[in-house]
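Engineer: Below is the file input_0.cif, with mmCIF, C-alpha atoms.
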```cif
data_data
loop_
_atom_site.label_atom_id
_atom_site.label_comp_id
_atom_site.auth_asym_id
_atom_site.auth_seq_id
_atom_site.Cartn_x
_atom_site.Cartn_y
_atom_site.Cartn_z
CA MET N 23 -11.77 -18.66 -0.15
CA SER N 24 -8.97 -17.06 -2.17
CA ARG N 25 -5.38 -16.94 -1.03
CA LEU N 26 -5.76 -13.19 -0.56
CA HIS N 27 -8.66 -13.70 1.84
CA THR N 28 -6.60 -16.21 3.83
CA LEU N 29 -3.70 -13.76 3.96
CA LEU N 30 -6.08 -11.00 5.09
CA GLU N 31 -7.26 -13.21 7.97
CA HIS N 32 -3.68 -13.90 9.06
CA TYR N 33 -2.78 -10.24 8.73
CA GLY N 34 -5.79 -9.31 10.85
CA ARG N 35 -4.56 -11.59 13.66
CA ASP N 36 -1.32 -9.59 13.78
CA HIS N 37 -3.27 -6.34 13.99
CA GLU N 38 -5.89 -6.73 16.72
CA ASN N 39 -4.95 -3.76 18.91
CA ALA N 40 -7.18 -0.75 18.15
CA THR N 41 -4.29 1.73 18.35
CA ASN N 42 -2.14 -0.35 16.03
CA GLN N 43 -5.05 -0.66 13.61
CA ALA N 44 -5.57 3.11 13.62
CA ILE N 45 -1.87 3.68 12.99
CA HIS N 46 -1.94 1.19 10.11
CA LEU N 47 -5.01 2.79 8.57
CA VAL N 48 -3.00 5.99 8.26
CA CYS N 49 0.51 4.68 7.66
CA VAL N 50 -0.15 1.88 5.15
CA PRO N 51 -1.71 4.20 2.55
CA LEU N 52 1.10 6.71 3.15
CA ILE N 53 3.73 4.03 2.58
CA LEU N 54 1.97 2.83 -0.55
CA TRP N 55 1.74 6.37 -1.90
CA SER N 56 5.38 7.10 -1.06
CA ILE N 57 6.56 4.00 -2.94
CA ILE N 58 4.48 4.99 -5.95
CA ALA N 59 5.88 8.52 -5.73
CA MET N 60 9.48 7.30 -5.51
CA VAL N 61 8.96 5.07 -8.55
CA TRP N 62 7.23 8.01 -10.28
CA THR N 63 10.51 9.94 -10.14
CA ILE N 64 12.52 7.30 -12.02
CA PRO N 65 13.47 8.94 -15.32
CA VAL N 66 11.84 7.41 -18.38
CA PRO N 67 13.87 6.68 -21.51
CA GLY N 68 13.29 8.55 -24.74
CA THR N 69 10.15 10.40 -25.63
CA TRP N 70 7.76 7.45 -25.84
CA PHE N 71 6.84 7.58 -22.17
CA GLN N 72 5.72 10.29 -19.79
CA PRO N 73 7.12 10.76 -16.28
CA GLY N 74 5.47 8.26 -13.99
CA ALA N 75 5.39 5.50 -16.62
CA PHE N 76 7.22 3.06 -14.34
CA ALA N 77 4.84 3.90 -11.50
CA GLY N 78 1.90 3.32 -13.83
CA PHE N 79 3.27 -0.09 -14.74
CA LEU N 80 3.82 -0.94 -11.06
CA MET N 81 0.27 0.14 -10.18
CA ALA N 82 -1.16 -1.94 -13.03
CA VAL N 83 0.70 -5.05 -11.87
CA LEU N 84 -0.39 -4.53 -8.27
CA ALA N 85 -4.00 -3.88 -9.25
CA ALA N 86 -3.97 -7.12 -11.28
CA TRP N 87 -2.64 -9.03 -8.24
CA TYR N 88 -5.37 -7.59 -6.01
CA PHE N 89 -8.01 -8.19 -8.69
CA ARG N 90 -6.94 -11.82 -8.96
CA GLY N 91 -7.57 -12.27 -5.24
CA SER N 92 -10.76 -10.22 -5.07
CA ARG N 93 -12.52 -8.25 -7.77
CA PRO N 94 -13.90 -5.65 -5.34
CA LEU N 95 -10.46 -5.14 -3.77
CA GLY N 96 -8.90 -4.98 -7.22
CA LEU N 97 -11.36 -2.29 -8.28
CA GLY N 98 -10.70 -0.40 -5.05
CA ALA N 99 -6.98 -0.63 -5.75
CA VAL N 100 -7.53 0.88 -9.20
CA VAL N 101 -9.35 3.83 -7.60
CA ALA N 102 -6.63 4.23 -4.95
CA PHE N 103 -3.87 4.01 -7.55
CA THR N 104 -5.62 6.55 -9.76
CA LEU N 105 -5.78 8.96 -6.83
CA ALA N 106 -2.15 8.25 -5.92
CA GLY N 107 -1.04 8.81 -9.50
CA GLY N 108 -3.00 12.05 -9.69
CA LEU N 109 -1.39 13.27 -6.50
CA CYS N 110 2.07 12.37 -7.81
CA TRP N 111 1.38 14.16 -11.08
CA ALA N 112 0.12 17.28 -9.28
CA LEU N 113 3.01 17.36 -6.81
CA ALA N 114 5.60 16.77 -9.53
CA GLY N 115 4.13 19.72 -11.42
CA ALA N 116 4.11 21.93 -8.33
CA ILE N 117 7.42 21.04 -6.64
CA GLY N 118 9.29 19.17 -9.36
CA MET N 119 10.53 15.61 -9.47
CA ARG N 120 13.26 16.23 -6.89
CA GLY N 121 10.72 17.75 -4.51
CA LEU N 122 8.40 14.79 -5.07
CA LEU N 123 11.23 12.37 -4.33
CA ILE N 124 12.23 14.18 -1.13
CA THR N 125 8.61 14.33 0.01
CA ALA N 126 8.11 10.63 -0.73
CA VAL N 127 11.24 9.62 1.19
CA VAL N 128 10.23 11.69 4.23
CA VAL N 129 6.69 10.25 4.18
CA PHE N 130 8.05 6.72 3.73
CA VAL N 131 10.41 6.97 6.71
CA ALA N 132 7.85 8.68 8.97
CA ALA N 133 5.12 6.16 8.10
CA TRP N 134 7.41 3.19 8.77
CA ILE N 135 8.33 4.68 12.13
CA GLY N 136 4.61 4.88 12.84
CA GLN N 137 4.15 1.25 11.77
CA PHE N 138 6.87 0.03 14.12
CA ILE N 139 5.43 2.09 16.97
CA GLY N 140 2.06 0.44 16.30
CA HIS N 141 3.62 -3.01 16.40
CA ARG N 142 5.43 -2.15 19.60
CA ILE N 143 2.07 -1.21 21.13
CA GLU N 144 0.52 -4.41 19.73
CA GLY N 145 3.38 -6.52 21.04
CA LYS N 146 3.65 -8.46 17.78
CA ARG N 147 6.20 -8.42 15.01
CA PRO N 148 5.12 -7.03 11.62
CA SER N 149 3.59 -9.72 9.42
CA PHE N 150 6.12 -9.22 6.64
CA PHE N 151 8.83 -10.59 8.95
CA THR N 152 7.26 -14.02 8.36
CA ASP N 153 6.46 -13.56 4.64
CA LEU N 154 7.22 -10.59 2.39
CA VAL N 155 3.87 -11.05 0.59
CA TYR N 156 2.32 -9.30 3.59
CA LEU N 157 3.79 -6.06 2.25
CA LEU N 158 1.14 -6.42 -0.48
CA VAL N 159 -1.55 -7.56 1.93
CA GLY N 160 -1.37 -4.43 4.11
CA PRO N 161 -3.01 -2.14 1.53
CA ALA N 162 -5.71 -4.74 0.81
CA TRP N 163 -6.35 -5.11 4.56
CA THR N 164 -6.74 -1.33 4.85
CA LEU N 165 -9.17 -1.32 1.94
CA SER N 166 -11.05 -4.30 3.39
CA LYS N 167 -11.54 -2.35 6.65
CA LEU N 168 -13.10 0.49 4.63
CA TYR N 169 -15.28 -1.98 2.73
CA ARG N 170 -16.53 -3.56 5.96
CA ARG N 171 -17.40 -0.13 7.33
CA LEU N 172 -19.34 0.67 4.13
CA GLY N 173 -20.99 -2.76 4.02
CA ILE N 174 -19.29 -3.75 0.77
CA ALA N 175 -18.53 -7.45 0.29
CA TYR N 176 -15.05 -8.28 -0.87
#
```
Please render this file's structure as structure tokens.
Structural biologist:
Amino acid sequence: MSRLHTLLEHYGRDHENATNQAIHLVCVPLILWSIIAMVWTIPVPGTWFQPGAFAGFLMAVLAAWYFRGSRPLGLGAVVAFTLAGGLCWALAGAIGMRGLLITAVVVFVAAWIGQFIGHRIEGKRPSFFTDLVYLLVGPAWTLSKLYRRLGIAY
């Protein structure tokens, strides 16, 4: 069993309440997207890189971390990151980088409020209070829930 699978088990124990799980299934992807979007808006130096280059680098590093723990989860992360990047690109084109940043900050704050409400309902502290690595585990846990529903081994 990989370290990621062990972390997923521990994370699952902190998220047993159905309402908290439902909140996390919505809020975790929103938080992940909002972080990617905020990084997307960091200006890139010179003309060698396109806007979003730093976000692309971040997504590649994260996908590699997930892939190291589980190939199916790593591949799912690549798909999710591709969709997130496409959404950032489209929104930046439609509302500009400042609009993307404002949208990302609003989504980030609202989703974290939702997360803390979910944990209040659960009666347990968020996992990342014990170890910050759980901030990376949340998206994998969300993806693993989808995989289980679809019957995909991870």
Engineer: Can you tell me which residues surround N:Trp62 at a distance of at most 10 Å, considering all atoms listed in the file, apart from same-chain residues fewer than 3 positions away, and format the answer as an MDAnalysis selection string?
Structural biologist: chainID N and resid 56:59 65:66 72:78 80 107 110:111 114 119 122:123 126
Engineer: I need the residue nearest N:Val159 from this list: N:Thr63, N:Ile124, N:Leu84, N:Thr104. Use all atoms listed in the file for the distance.
Structural biologist: N:Leu84
Engineer: Can you work out which one of N:Ala86, N:Ala40, N:Arg93, N:Met60 has the shortest atom-to-atom distance to N:Ile174, counting all atoms listed in the file?
Structural biologist: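 So, comparing all the options, the nearest one is N:Arg93.
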Engineer: Which one of N:Phe89, N:Phe138, N:Trp55, N:Phe130 sits closest to N:Phe103 if you count all atoms listed in the file?
Structural biologist: N:Trp55
Engineer: Enter the distance from atom CA of N:His141 to atom CA of N:Ala44, in Å, rounded to one decimal.
Structural biologist: 11.4 Å
Engineer: For N:Pro94, please output as JSON, numbers by chain all residues within 9 Å (counting only C-alpha atoms; exclusion window: fewer than 3 positions along the same chain).
Structural biologist: {"N": [88, 89, 97, 98, 99, 169, 174, 175, 176]}
Engineer: For the provided coordinates, the residues matched by the PyMOL selection byres ((chain N and resi 150) around 12) should be stated as a ChimeraX atom specification.
Structural biologist: /N:29,32-33,36,137-138,141,146-149,151-160
Engineer: Please indicate the distance in Å from atom CA of N:Val131 to atom CA of N:Val61, rounded to one decimal place.
Structural biologist: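 These two atoms are separated by 15.4 Å.
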Engineer: What's the separation between atom CA of N:Gly118 and atom CA of N:Val48, in Å to one decimal place?
Structural biologist: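 Between atom CA of N:Gly118 and atom CA of N:Val48 the gap is 25.2 Å.
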Engineer: What's the 12 Å shell around N:Ile135, counting only C-alpha atoms, without same-chain residues fewer than 6 positions away, as a list in words?
Structural biologist: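 These residues fall inside the cut-off: Ile45, His46, Cys49, Val50, Leu52, Ile53, Val128, Val129, His141 and Arg142 of chain N.
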Engineer: Restrict the selected residues to C-alpha atoms and save them as a PDB file, in the coordinates of the input.
Structural biologist:
```
ATOM      1  CA  ILE N  45      -1.870   3.680  12.990  1.00  0.00           C
ATOM      2  CA  HIS N  46      -1.940   1.190  10.110  1.00  0.00           C
ATOM      3  CA  CYS N  49       0.510   4.680   7.660  1.00  0.00           C
ATOM      4  CA  VAL N  50      -0.150   1.880   5.150  1.00  0.00           C
ATOM      5  CA  LEU N  52       1.100   6.710   3.150  1.00  0.00           C
ATOM      6  CA  ILE N  53       3.730   4.030   2.580  1.00  0.00           C
ATOM      7  CA  VAL N 128      10.230  11.690   4.230  1.00  0.00           C
ATOM      8  CA  VAL N 129       6.690  10.250   4.180  1.00  0.00           C
ATOM      9  CA  HIS N 141       3.620  -3.010  16.400  1.00  0.00           C
ATOM     10  CA  ARG N 142       5.430  -2.150  19.600  1.00  0.00           C
TER      11      ARG N 142
END
```
Engineer: Near N:Ser24, counting all atoms listed in the file, which residues have an atom at most 10 Å away, once you skip same-chain residues fewer than 5 positions from it, shown as a list in words?
Structural biologist: Leu29, Leu30, Arg90, Gly91 and Ser92 of chain N
Engineer: Measuring atom to atom with all atoms listed in the file, identify which of N:Arg120, N:Ala112, N:Thr41, N:Leu26 is nearest to N:Ser166.
Structural biologist: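 Between N:Arg120, N:Ala112, N:Thr41, N:Leu26, the residue approaching N:Ser166 most closely is N:Leu26.
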Engineer: Just checking: using only C-alpha atoms, which residue out of N:Asn42, N:Thr28, N:Thr164, N:Thr125 ends up closest to N:Ile139?
Structural biologist: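 Ranked by minimum distance to N:Ile139, first place goes to N:Asn42.
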Engineer: N:Gly145, N:Trp87, N:Glu38, N:Ala82: which is nearest N:Arg25, counting all atoms listed in the file?
Structural biologist: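 Of all the options, N:Trp87 lies closest to N:Arg25.
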Engineer: Start from the incomplete input, build N, CA, C and O atoms for stretch 80-106 of chain N, and deliver everything as an mmCIF file, in the frame of the given file.
Structural biologist:
```
data_model
loop_
_atom_site.group_PDB
_atom_site.id
_atom_site.type_symbol
_atom_site.label_atom_id
_atom_site.label_comp_id
_atom_site.auth_asym_id
_atom_site.auth_seq_id
_atom_site.Cartn_x
_atom_site.Cartn_y
_atom_site.Cartn_z
ATOM 1 N N LEU N 80 3.864 -0.324 -12.387
ATOM 2 C CA LEU N 80 3.820 -0.940 -11.060
ATOM 3 C C LEU N 80 2.377 -0.997 -10.541
ATOM 4 O O LEU N 80 1.924 -2.038 -10.042
ATOM 5 N N MET N 81 1.657 0.115 -10.663
ATOM 6 C CA MET N 81 0.270 0.140 -10.180
ATOM 7 C C MET N 81 -0.607 -0.845 -10.948
ATOM 8 O O MET N 81 -1.475 -1.486 -10.352
ATOM 9 N N ALA N 82 -0.379 -0.993 -12.238
ATOM 10 C CA ALA N 82 -1.160 -1.940 -13.030
ATOM 11 C C ALA N 82 -0.899 -3.378 -12.585
ATOM 12 O O ALA N 82 -1.834 -4.179 -12.446
ATOM 13 N N VAL N 83 0.355 -3.700 -12.330
ATOM 14 C CA VAL N 83 0.700 -5.050 -11.870
ATOM 15 C C VAL N 83 0.089 -5.316 -10.499
ATOM 16 O O VAL N 83 -0.494 -6.383 -10.259
ATOM 17 N N LEU N 84 0.190 -4.356 -9.600
ATOM 18 C CA LEU N 84 -0.390 -4.530 -8.270
ATOM 19 C C LEU N 84 -1.903 -4.643 -8.321
ATOM 20 O O LEU N 84 -2.495 -5.496 -7.647
ATOM 21 N N ALA N 85 -2.543 -3.813 -9.122
ATOM 22 C CA ALA N 85 -4.000 -3.880 -9.250
ATOM 23 C C ALA N 85 -4.419 -5.247 -9.792
ATOM 24 O O ALA N 85 -5.411 -5.826 -9.327
ATOM 25 N N ALA N 86 -3.659 -5.792 -10.741
ATOM 26 C CA ALA N 86 -3.970 -7.120 -11.280
ATOM 27 C C ALA N 86 -3.833 -8.178 -10.191
ATOM 28 O O ALA N 86 -4.658 -9.106 -10.106
ATOM 29 N N TRP N 87 -2.818 -8.066 -9.334
ATOM 30 C CA TRP N 87 -2.640 -9.030 -8.240
ATOM 31 C C TRP N 87 -3.811 -8.964 -7.269
ATOM 32 O O TRP N 87 -4.352 -9.990 -6.872
ATOM 33 N N TYR N 88 -4.220 -7.746 -6.907
ATOM 34 C CA TYR N 88 -5.370 -7.590 -6.010
ATOM 35 C C TYR N 88 -6.645 -8.103 -6.682
ATOM 36 O O TYR N 88 -7.460 -8.771 -6.057
ATOM 37 N N PHE N 89 -6.816 -7.774 -7.950
ATOM 38 C CA PHE N 89 -8.010 -8.190 -8.690
ATOM 39 C C PHE N 89 -8.100 -9.705 -8.763
ATOM 40 O O PHE N 89 -9.182 -10.275 -8.661
ATOM 41 N N ARG N 90 -6.964 -10.352 -8.905
ATOM 42 C CA ARG N 90 -6.940 -11.820 -8.960
ATOM 43 C C ARG N 90 -7.440 -12.424 -7.654
ATOM 44 O O ARG N 90 -8.105 -13.452 -7.650
ATOM 45 N N GLY N 91 -7.133 -11.776 -6.538
ATOM 46 C CA GLY N 91 -7.570 -12.270 -5.240
ATOM 47 C C GLY N 91 -8.983 -11.883 -4.884
ATOM 48 O O GLY N 91 -9.677 -12.604 -4.169
ATOM 49 N N SER N 92 -9.421 -10.731 -5.383
ATOM 50 C CA SER N 92 -10.760 -10.220 -5.070
ATOM 51 C C SER N 92 -11.092 -9.108 -6.043
ATOM 52 O O SER N 92 -10.400 -8.081 -6.065
ATOM 53 N N ARG N 93 -12.134 -9.292 -6.810
ATOM 54 C CA ARG N 93 -12.520 -8.250 -7.770
ATOM 55 C C ARG N 93 -12.844 -6.919 -7.088
ATOM 56 O O ARG N 93 -12.379 -5.881 -7.535
ATOM 57 N N PRO N 94 -13.627 -6.929 -6.001
ATOM 58 C CA PRO N 94 -13.900 -5.650 -5.340
ATOM 59 C C PRO N 94 -12.632 -4.964 -4.814
ATOM 60 O O PRO N 94 -12.492 -3.754 -4.933
ATOM 61 N N LEU N 95 -11.712 -5.751 -4.246
ATOM 62 C CA LEU N 95 -10.460 -5.140 -3.770
ATOM 63 C C LEU N 95 -9.608 -4.666 -4.939
ATOM 64 O O LEU N 95 -8.943 -3.628 -4.844
ATOM 65 N N GLY N 96 -9.632 -5.405 -6.035
ATOM 66 C CA GLY N 96 -8.900 -4.980 -7.220
ATOM 67 C C GLY N 96 -9.436 -3.659 -7.771
ATOM 68 O O GLY N 96 -8.675 -2.767 -8.139
ATOM 69 N N LEU N 97 -10.755 -3.538 -7.811
ATOM 70 C CA LEU N 97 -11.360 -2.290 -8.280
ATOM 71 C C LEU N 97 -11.043 -1.132 -7.326
ATOM 72 O O LEU N 97 -10.765 -0.015 -7.756
ATOM 73 N N GLY N 98 -11.075 -1.415 -6.031
ATOM 74 C CA GLY N 98 -10.700 -0.400 -5.050
ATOM 75 C C GLY N 98 -9.254 0.021 -5.205
ATOM 76 O O GLY N 98 -8.918 1.201 -5.066
ATOM 77 N N ALA N 99 -8.392 -0.943 -5.522
ATOM 78 C CA ALA N 99 -6.980 -0.630 -5.750
ATOM 79 C C ALA N 99 -6.822 0.282 -6.962
ATOM 80 O O ALA N 99 -6.022 1.223 -6.936
ATOM 81 N N VAL N 100 -7.590 0.028 -8.005
ATOM 82 C CA VAL N 100 -7.530 0.880 -9.200
ATOM 83 C C VAL N 100 -7.901 2.322 -8.829
ATOM 84 O O VAL N 100 -7.228 3.275 -9.245
ATOM 85 N N VAL N 101 -8.952 2.483 -8.041
ATOM 86 C CA VAL N 101 -9.350 3.830 -7.600
ATOM 87 C C VAL N 101 -8.239 4.462 -6.768
ATOM 88 O O VAL N 101 -7.856 5.614 -6.992
ATOM 89 N N ALA N 102 -7.701 3.697 -5.812
ATOM 90 C CA ALA N 102 -6.630 4.230 -4.950
ATOM 91 C C ALA N 102 -5.397 4.594 -5.774
ATOM 92 O O ALA N 102 -4.782 5.646 -5.548
ATOM 93 N N PHE N 103 -5.047 3.743 -6.728
ATOM 94 C CA PHE N 103 -3.870 4.010 -7.550
ATOM 95 C C PHE N 103 -4.098 5.218 -8.463
ATOM 96 O O PHE N 103 -3.176 5.992 -8.724
ATOM 97 N N THR N 104 -5.306 5.376 -8.945
ATOM 98 C CA THR N 104 -5.620 6.550 -9.760
ATOM 99 C C THR N 104 -5.447 7.827 -8.944
ATOM 100 O O THR N 104 -4.857 8.803 -9.414
ATOM 101 N N LEU N 105 -5.948 7.805 -7.718
ATOM 102 C CA LEU N 105 -5.780 8.960 -6.830
ATOM 103 C C LEU N 105 -4.310 9.202 -6.499
ATOM 104 O O LEU N 105 -3.834 10.344 -6.512
ATOM 105 N N ALA N 106 -3.575 8.124 -6.228
ATOM 106 C CA ALA N 106 -2.150 8.250 -5.920
ATOM 107 C C ALA N 106 -1.382 8.817 -7.114
ATOM 108 O O ALA N 106 -0.533 9.700 -6.961
#
```
